[in-house]
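S.K.: File name input_0.pdb; file contents PDB, C-alpha atoms; full text below.
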```pdb
ATOM      1  CA  MET A  17     118.382 157.493 134.439
ATOM      2  CA  ARG A  18     115.468 156.277 132.317
ATOM      3  CA  THR A  19     117.310 153.087 131.366
ATOM      4  CA  THR A  20     117.935 152.242 135.005
ATOM      5  CA  ARG A  21     114.272 152.628 135.897
ATOM      6  CA  ALA A  22     113.168 150.541 132.898
ATOM      7  CA  LEU A  23     115.610 147.768 133.819
ATOM      8  CA  ALA A  24     114.501 147.871 137.458
ATOM      9  CA  ALA A  25     110.826 147.628 136.458
ATOM     10  CA  ALA A  26     111.550 144.744 134.056
ATOM     11  CA  GLY A  27     113.576 142.937 136.731
ATOM     12  CA  ALA A  28     110.759 143.320 139.256
ATOM     13  CA  ALA A  29     108.215 141.977 136.758
ATOM     14  CA  VAL A  30     110.391 138.955 135.970
ATOM     15  CA  ALA A  31     110.903 138.269 139.690
ATOM     16  CA  VAL A  32     107.153 138.395 140.375
ATOM     17  CA  LEU A  33     106.406 136.057 137.447
ATOM     18  CA  GLY A  34     109.261 133.757 138.436
ATOM     19  CA  LEU A  35     107.926 133.390 141.973
ATOM     20  CA  ALA A  36     104.346 132.878 140.782
ATOM     21  CA  ALA A  37     105.146 130.153 138.231
ATOM     22  CA  PRO A  38     106.057 127.367 140.706
ATOM     23  CA  ALA A  39     102.987 128.196 142.795
ATOM     24  CA  ALA A  40     100.759 127.860 139.729
ATOM     25  CA  THR A  41     102.088 124.388 138.882
ATOM     26  CA  ALA A  42     102.343 123.099 142.437
ATOM     27  CA  GLY A  43      98.592 122.676 142.802
ATOM     28  CA  GLY A  44      98.175 120.993 139.402
ATOM     29  CA  ASP A  45      97.223 117.355 138.804
ATOM     30  CA  HIS A  46     100.412 115.302 138.326
ATOM     31  CA  ASN A  47      98.565 112.107 137.379
ATOM     32  CA  GLN A  48      97.959 113.283 133.838
ATOM     33  CA  PRO A  49     100.041 111.930 130.942
ATOM     34  CA  SER A  50     101.907 114.795 129.364
ATOM     35  CA  ASN A  51     104.634 113.474 127.090
ATOM     36  CA  ILE A  52     104.893 110.298 124.977
ATOM     37  CA  VAL A  53     108.288 109.353 123.531
ATOM     38  CA  ALA A  54     108.699 106.329 121.228
ATOM     39  CA  LEU A  55     112.230 105.046 120.555
ATOM     40  CA  PRO A  56     113.231 104.225 117.911
ATOM     41  CA  SER A  57     110.915 106.532 116.034
ATOM     42  CA  VAL A  58     111.423 104.576 112.799
ATOM     43  CA  ILE A  59     111.078 100.811 113.157
ATOM     44  CA  ALA A  60     110.662  97.734 110.971
ATOM     45  CA  ARG A  61     107.872  95.194 111.326
ATOM     46  CA  GLY A  62     108.602  92.714 114.118
ATOM     47  CA  GLY A  63     110.923  95.150 115.921
ATOM     48  CA  GLN A  64     110.677  96.203 119.553
ATOM     49  CA  MET A  65     110.019  99.789 120.531
ATOM     50  CA  THR A  66     110.290 101.422 123.961
ATOM     51  CA  VAL A  67     107.652 103.991 124.905
ATOM     52  CA  THR A  68     108.181 106.397 127.819
ATOM     53  CA  VAL A  69     105.323 108.443 129.277
ATOM     54  CA  ASP A  70     105.688 111.376 131.686
ATOM     55  CA  GLY A  71     102.911 112.131 134.170
ATOM     56  CA  CYS A  72     101.986 108.465 134.618
ATOM     57  CA  PRO A  73     103.233 107.463 138.110
ATOM     58  CA  GLN A  74     101.062 104.347 138.587
ATOM     59  CA  GLY A  75     101.585 102.901 135.105
ATOM     60  CA  GLY A  76      98.815 102.180 132.639
ATOM     61  CA  THR A  77      98.366 100.893 129.094
ATOM     62  CA  MET A  78      99.327 101.989 125.605
ATOM     63  CA  THR A  79      97.673 101.073 122.327
ATOM     64  CA  SER A  80      98.261 101.567 118.634
ATOM     65  CA  ASP A  81      97.140 100.027 115.362
ATOM     66  CA  ALA A  82     100.712  98.746 114.872
ATOM     67  CA  PHE A  83     100.984  96.772 118.151
ATOM     68  CA  ARG A  84      98.803  95.069 120.724
ATOM     69  CA  THR A  85      97.741  96.754 123.963
ATOM     70  CA  THR A  86     100.815  96.822 126.192
ATOM     71  CA  HIS A  87     101.237  97.614 129.880
ATOM     72  CA  LEU A  88     103.245 100.575 131.135
ATOM     73  CA  THR A  89     105.186 100.067 134.359
ATOM     74  CA  PRO A  90     106.466 102.847 136.635
ATOM     75  CA  VAL A  91     110.170 103.632 136.342
ATOM     76  CA  ARG A  92     112.072 103.603 139.640
ATOM     77  CA  GLY A  93     113.983 106.772 140.389
ATOM     78  CA  ALA A  94     112.120 108.760 137.745
ATOM     79  CA  ASN A  95     109.300 110.874 139.105
ATOM     80  CA  GLU A  96     105.935 110.169 137.513
ATOM     81  CA  THR A  97     107.354 108.302 134.509
ATOM     82  CA  SER A  98     106.252 104.945 133.141
ATOM     83  CA  LYS A  99     107.762 102.816 130.429
ATOM     84  CA  GLY A 100     106.696  99.910 128.230
ATOM     85  CA  THR A 101     108.036  97.788 125.381
ATOM     86  CA  ALA A 102     105.876  97.016 122.371
ATOM     87  CA  THR A 103     106.524  94.590 119.518
ATOM     88  CA  ILE A 104     105.391  95.816 116.118
ATOM     89  CA  LYS A 105     103.022  93.426 114.328
ATOM     90  CA  GLN A 106     104.449  91.512 111.359
ATOM     91  CA  ASP A 107     101.491  92.553 109.212
ATOM     92  CA  ALA A 108     101.707  96.280 110.053
ATOM     93  CA  ARG A 109     101.634  98.424 106.936
ATOM     94  CA  PRO A 110     104.416 100.954 106.396
ATOM     95  CA  GLY A 111     103.490 104.458 107.541
ATOM     96  CA  SER A 112     103.010 106.703 110.570
ATOM     97  CA  TYR A 113     101.103 105.487 113.636
ATOM     98  CA  ASP A 114      99.574 107.154 116.687
ATOM     99  CA  ILE A 115     100.046 106.004 120.288
ATOM    100  CA  THR A 116      97.233 106.341 122.823
ATOM    101  CA  VAL A 117      98.104 106.117 126.519
ATOM    102  CA  ASN A 118      95.707 105.499 129.425
ATOM    103  CA  CYS A 119      97.087 106.464 132.844
ATOM    104  CA  SER A 120      95.005 106.795 136.018
ATOM    105  CA  GLY A 121      91.816 107.162 134.017
ATOM    106  CA  ARG A 122      93.314 109.919 131.844
ATOM    107  CA  ARG A 123      93.933 109.502 128.133
ATOM    108  CA  LEU A 124      96.512 111.102 125.823
ATOM    109  CA  THR A 125      97.134 110.458 122.118
ATOM    110  CA  ARG A 126     100.309 111.419 120.303
ATOM    111  CA  PRO A 127      99.693 111.570 116.566
ATOM    112  CA  ALA A 128     102.384 110.199 114.248
ATOM    113  CA  ALA A 129     104.462 109.014 117.223
ATOM    114  CA  PHE A 130     106.469 106.525 115.152
ATOM    115  CA  THR A 131     106.873 105.220 111.607
ATOM    116  CA  VAL A 132     106.842 101.599 110.492
ATOM    117  CA  ILE A 133     109.006 100.781 107.488
ATOM    118  CA  GLY A 134     108.713  97.742 105.243
ATOM    119  CA  GLY A 135     110.860  94.765 106.131
ATOM    120  CA  VAL A 136     113.859  93.702 104.088
ATOM    121  CA  ARG A 137     113.206  90.763 101.801
ATOM    122  CA  GLY A 138     116.624  89.158 101.970
ATOM    123  CA  GLY A 139     117.603  85.753 100.654
ATOM    124  CA  LEU A 140     119.395  83.008 102.475
ATOM    125  CA  GLY A 141     122.766  84.432 101.459
ATOM    126  CA  GLY A 142     124.656  81.192 101.888
ATOM    127  CA  SER A 143     123.446  80.702 105.416
ATOM    128  CA  SER A 144     121.763  77.404 104.558
ATOM    129  CA  SER A 145     125.046  75.491 104.172
ATOM    130  CA  SER A 146     127.648  74.888 106.811
ATOM    131  CA  GLY A 147     131.262  74.896 105.701
ATOM    132  CA  ALA A 148     132.818  75.022 102.239
ATOM    133  CA  THR A 149     131.314  73.148  99.300
ATOM    134  CA  ALA A 150     133.302  71.118  96.772
ATOM    135  CA  THR A 151     133.101  74.035  94.325
ATOM    136  CA  ASP A 152     134.527  76.446  96.915
ATOM    137  CA  ILE A 153     137.444  74.090  97.585
ATOM    138  CA  ALA A 154     138.184  73.633  93.859
ATOM    139  CA  ILE A 155     138.192  77.400  93.238
ATOM    140  CA  GLY A 156     140.388  78.072  96.280
ATOM    141  CA  GLY A 157     142.820  75.288  95.314
ATOM    142  CA  GLY A 158     143.069  76.642  91.751
ATOM    143  CA  LEU A 159     143.851  80.137  93.036
ATOM    144  CA  VAL A 160     146.553  78.819  95.375
ATOM    145  CA  ALA A 161     148.123  76.747  92.544
ATOM    146  CA  ALA A 162     148.101  79.781  90.225
ATOM    147  CA  ALA A 163     149.749  81.920  92.931
ATOM    148  CA  VAL A 164     152.482  79.307  93.529
ATOM    149  CA  ALA A 165     153.149  78.911  89.793
ATOM    150  CA  GLY A 166     153.250  82.690  89.247
ATOM    151  CA  GLY A 167     155.546  83.194  92.239
ATOM    152  CA  GLY A 168     157.876  80.426  91.069
ATOM    153  CA  LEU A 169     158.007  81.857  87.566
ATOM    154  CA  PHE A 170     158.788  85.333  88.945
ATOM    155  CA  TRP A 171     161.514  83.926  91.193
ATOM    156  CA  MET A 172     163.104  81.957  88.325
ATOM    157  CA  ARG A 173     163.204  85.025  86.058
ATOM    158  CA  ARG A 174     164.764  87.186  88.771
ATOM    159  CA  ARG A 175     167.358  84.493  89.435
ATOM    160  CA  SER A 176     168.379  84.290  85.785
ATOM    161  CA  GLU A 177     168.712  88.099  85.481
ATOM    162  CA  ARG A 178     171.392  88.198  88.175
ATOM    163  CA  ARG A 179     173.682  85.821  86.274
ATOM    164  CA  ILE A 180     173.931  87.964  83.161
TER     165      ILE A 180
END
```
As C-alpha cells, how would this structure be written, given the file I've shared?

M.R.:
Amino acid sequence: MRTTRALAAAGAAVAVLGLAAPAATAGGDHNQPSNIVALPSVIARGGQMTVTVDGCPQGGTMTSDAFRTTHLTPVRGANETSKGTATIKQDARPGSYDITVNCSGRRLTRPAAFTVIGGVRGGLGGSSSSGATATDIAIGGGLVAAAVAGGGLFWMRRRSERRI
C-alpha cells in the first residue's frame, strides 16, 4: 500500500512539473543566441568552416581571431537558426579559437569552439610535369624488355623439358 501511494505522489509531482515546464519557456526571449556549432571542429589554415547558431532568427555576425567578421544568414525551415561560412586565415596560428556571435543586439561567445592545425608542407610531387619524361620511358621500356626475355627463356626451358 505504501509503495502505491509513493508512486502516485511521484507521478503527480512529475505531471505538475511537466505541465509547468513549457509554460516557463513559452514567455522567454527567443532572440538570444544559445548554441554555437562549428563544423569541422578541427580545420587547417585556408579551410572553410560552417558555423550554425540557434536562437538567432534574423541573422547576425560572427567573429574570431582566426577569421574575418562573417555574416550569419537565417536558415529556411529551421526555427530561429542562422548559419554562416568562414574561411580560416592563412596566417592563423595552430591552436584553439573562440567564436563570438552577435544576434539581435545579443552577444554569445563559445570558448575553444574549433582548433586550427598547421598546414601540410608538401612538395610538387611530380605535378609540375605533364606526361612521361625520357627517363620514365627508358625505365618502362627496360622493364618490358626484361619481362619478354624472361618469359621467352621460361617458355624455351619448358618446351625442352617435354621432349626428354

S.K.: When distances are computed from all atoms listed in the file, which of A:Ala129, A:Val160, A:Met172, A:Ala148 shows the smallest separation from A:Pro56?

M.R.: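 Closest residue, counting all atoms listed in the file: A:Ala129.
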
S.K.: Pick from A:Ala162, A:Gly156, A:Asn51, A:Leu169: nearest to A:Thr116, with only C-alpha atoms counted?

M.R.: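 Using only C-alpha atoms, A:Thr116 sits closest to A:Asn51.
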
S.K.: Select, from A:Arg109, A:Arg173, A:Arg123, A:Arg92, the residue with the minimum atom-to-atom distance to A:Gln48, counting only C-alpha atoms.

M.R.: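 Closest residue, counting only C-alpha atoms: A:Arg123.
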
S.K.: Tell me which of A:Ala82, A:Ala102, A:Val91, A:Ala108 sits closest to A:Met65, counting only C-alpha atoms.

M.R.: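 Among the listed residues, the smallest separation from A:Met65 belongs to A:Ala102.
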
S.K.: For A:Gly121, list every protein, DNA or RNA residue within 12 Å, evaluated using only C-alpha atoms, and leave out those in the same chain fewer than 5 positions away; present the list as a list in words.

M.R.: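 Near neighbours after the sequence-gap exclusion: Asn47, Gln48, Pro49, Cys72, Gln74, Gly75, Gly76 and Thr77 of chain A.
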
S.K.: Which one is closest to A:Leu55: A:Pro127, A:Thr101, A:Arg122, A:Ile133? Count all atoms listed in the file.

M.R.: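 That would be A:Thr101, the residue with the smallest distance to A:Leu55.
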
S.K.: For atom CA of A:Gln106 and atom CA of A:Arg84, quote the distance in Å rounded to one decimal.

M.R.: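 Atom CA of A:Arg84 lies at a distance of 11.5 Å from atom CA of A:Gln106.
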
S.K.: When the PyMOL selection byres ((chain A and resi 98) around 9) is applied to the structure above, which residues does it catch, written out as number ranges by chain?

M.R.: A: 67-76, 88-92, 94-97, 99-100

S.K.: Go ahead and dump the residues you just picked, C-alpha atoms, as a PDB file, keeping the file's coordinate frame.

M.R.:
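As a result, selection_12.pdb now contains:
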```pdb
ATOM      1  CA  VAL A  67     107.652 103.991 124.905  1.00  0.00           C
ATOM      2  CA  THR A  68     108.181 106.397 127.819  1.00  0.00           C
ATOM      3  CA  VAL A  69     105.323 108.443 129.277  1.00  0.00           C
ATOM      4  CA  ASP A  70     105.688 111.376 131.686  1.00  0.00           C
ATOM      5  CA  GLY A  71     102.911 112.131 134.170  1.00  0.00           C
ATOM      6  CA  CYS A  72     101.986 108.465 134.618  1.00  0.00           C
ATOM      7  CA  PRO A  73     103.233 107.463 138.110  1.00  0.00           C
ATOM      8  CA  GLN A  74     101.062 104.347 138.587  1.00  0.00           C
ATOM      9  CA  GLY A  75     101.585 102.901 135.105  1.00  0.00           C
ATOM     10  CA  GLY A  76      98.815 102.180 132.639  1.00  0.00           C
ATOM     11  CA  LEU A  88     103.245 100.575 131.135  1.00  0.00           C
ATOM     12  CA  THR A  89     105.186 100.067 134.359  1.00  0.00           C
ATOM     13  CA  PRO A  90     106.466 102.847 136.635  1.00  0.00           C
ATOM     14  CA  VAL A  91     110.170 103.632 136.342  1.00  0.00           C
ATOM     15  CA  ARG A  92     112.072 103.603 139.640  1.00  0.00           C
ATOM     16  CA  ALA A  94     112.120 108.760 137.745  1.00  0.00           C
ATOM     17  CA  ASN A  95     109.300 110.874 139.105  1.00  0.00           C
ATOM     18  CA  GLU A  96     105.935 110.169 137.513  1.00  0.00           C
ATOM     19  CA  THR A  97     107.354 108.302 134.509  1.00  0.00           C
ATOM     20  CA  LYS A  99     107.762 102.816 130.429  1.00  0.00           C
ATOM     21  CA  GLY A 100     106.696  99.910 128.230  1.00  0.00           C
TER      22      GLY A 100
END
```

S.K.: Could you check which of A:Trp171, A:Gln64, A:Gly93, A:His87 is closest to A:Val117, using only C-alpha atoms?

M.R.: A:His87

S.K.: To one decimal place in Å, what is the distance between atom CA of A:Ala60 and atom CA of A:Cys119?

M.R.: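 So the two atoms, atom CA of A:Ala60 and atom CA of A:Cys119, lie 27.2 Å apart.
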
S.K.: Just to confirm, what's the straight-line distance from atom CA of A:Thr66 to atom CA of A:Ser50 in Å (one decimal)?

M.R.: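 Those two atoms sit 16.7 Å apart.
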
S.K.: Can you tell me, as an mmCIF file with C-alpha atoms, in the coordinates of the input, which residues sit within 12 Å of (111.2, 110.0, 115.1) in the file's frame, using all atoms listed in the file?

M.R.:
```cif
data_model
loop_
_atom_site.group_PDB
_atom_site.id
_atom_site.type_symbol
_atom_site.label_atom_id
_atom_site.label_comp_id
_atom_site.auth_asym_id
_atom_site.auth_seq_id
_atom_site.Cartn_x
_atom_site.Cartn_y
_atom_site.Cartn_z
ATOM 1 C CA ILE A 52 104.893 110.298 124.977
ATOM 2 C CA VAL A 53 108.288 109.353 123.531
ATOM 3 C CA ALA A 54 108.699 106.329 121.228
ATOM 4 C CA LEU A 55 112.230 105.046 120.555
ATOM 5 C CA PRO A 56 113.231 104.225 117.911
ATOM 6 C CA SER A 57 110.915 106.532 116.034
ATOM 7 C CA VAL A 58 111.423 104.576 112.799
ATOM 8 C CA ILE A 59 111.078 100.811 113.157
ATOM 9 C CA MET A 65 110.019 99.789 120.531
ATOM 10 C CA SER A 112 103.010 106.703 110.570
ATOM 11 C CA TYR A 113 101.103 105.487 113.636
ATOM 12 C CA PRO A 127 99.693 111.570 116.566
ATOM 13 C CA ALA A 128 102.384 110.199 114.248
ATOM 14 C CA ALA A 129 104.462 109.014 117.223
ATOM 15 C CA PHE A 130 106.469 106.525 115.152
ATOM 16 C CA THR A 131 106.873 105.220 111.607
ATOM 17 C CA VAL A 132 106.842 101.599 110.492
#
```

S.K.: Give, as lines of an AutoDock Vina configuration file, the centre coordinates and the x, y and z edge lengths in Å to one decimal for an axis-aligned box around all listed atoms of stretch 49-54 of chain A, padded by 8 Å on each side.

M.R.:
```
center_x = 104.4
center_y = 110.6
center_z = 126.1
size_x = 24.7
size_y = 24.5
size_z = 25.7
```

S.K.: Give me the result of the PyMOL selection byres ((chain A and resi 104) around 6) on this file, residue by residue, as JSON, numbers by chain.

M.R.: {"A": [61, 62, 63, 82, 83, 103, 105]}

S.K.: Quick check on the file I pasted: which residues fall under the PyMOL selection byres ((chain A and resi 79) around 6)? Write them as a list of chain:residue names.

M.R.: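 Against this file, the PyMOL selection byres ((chain A and resi 79) around 6) returns the residues A:Met78, A:Ser80, A:Thr85, A:Ile115, A:Thr116.
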
S.K.: Kindly save the residues from that selection, with C-alpha atoms included, as a compact mmCIF listing (two decimals), keeping the file's coordinate frame.

M.R.:
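The result, written out as out.txt:
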```txt
# COMPACT_ATOMS: atom_id res chain seq x y z
CA MET A 78 99.33 101.99 125.60
CA SER A 80 98.26 101.57 118.63
CA THR A 85 97.74 96.75 123.96
CA ILE A 115 100.05 106.00 120.29
CA THR A 116 97.23 106.34 122.82
```
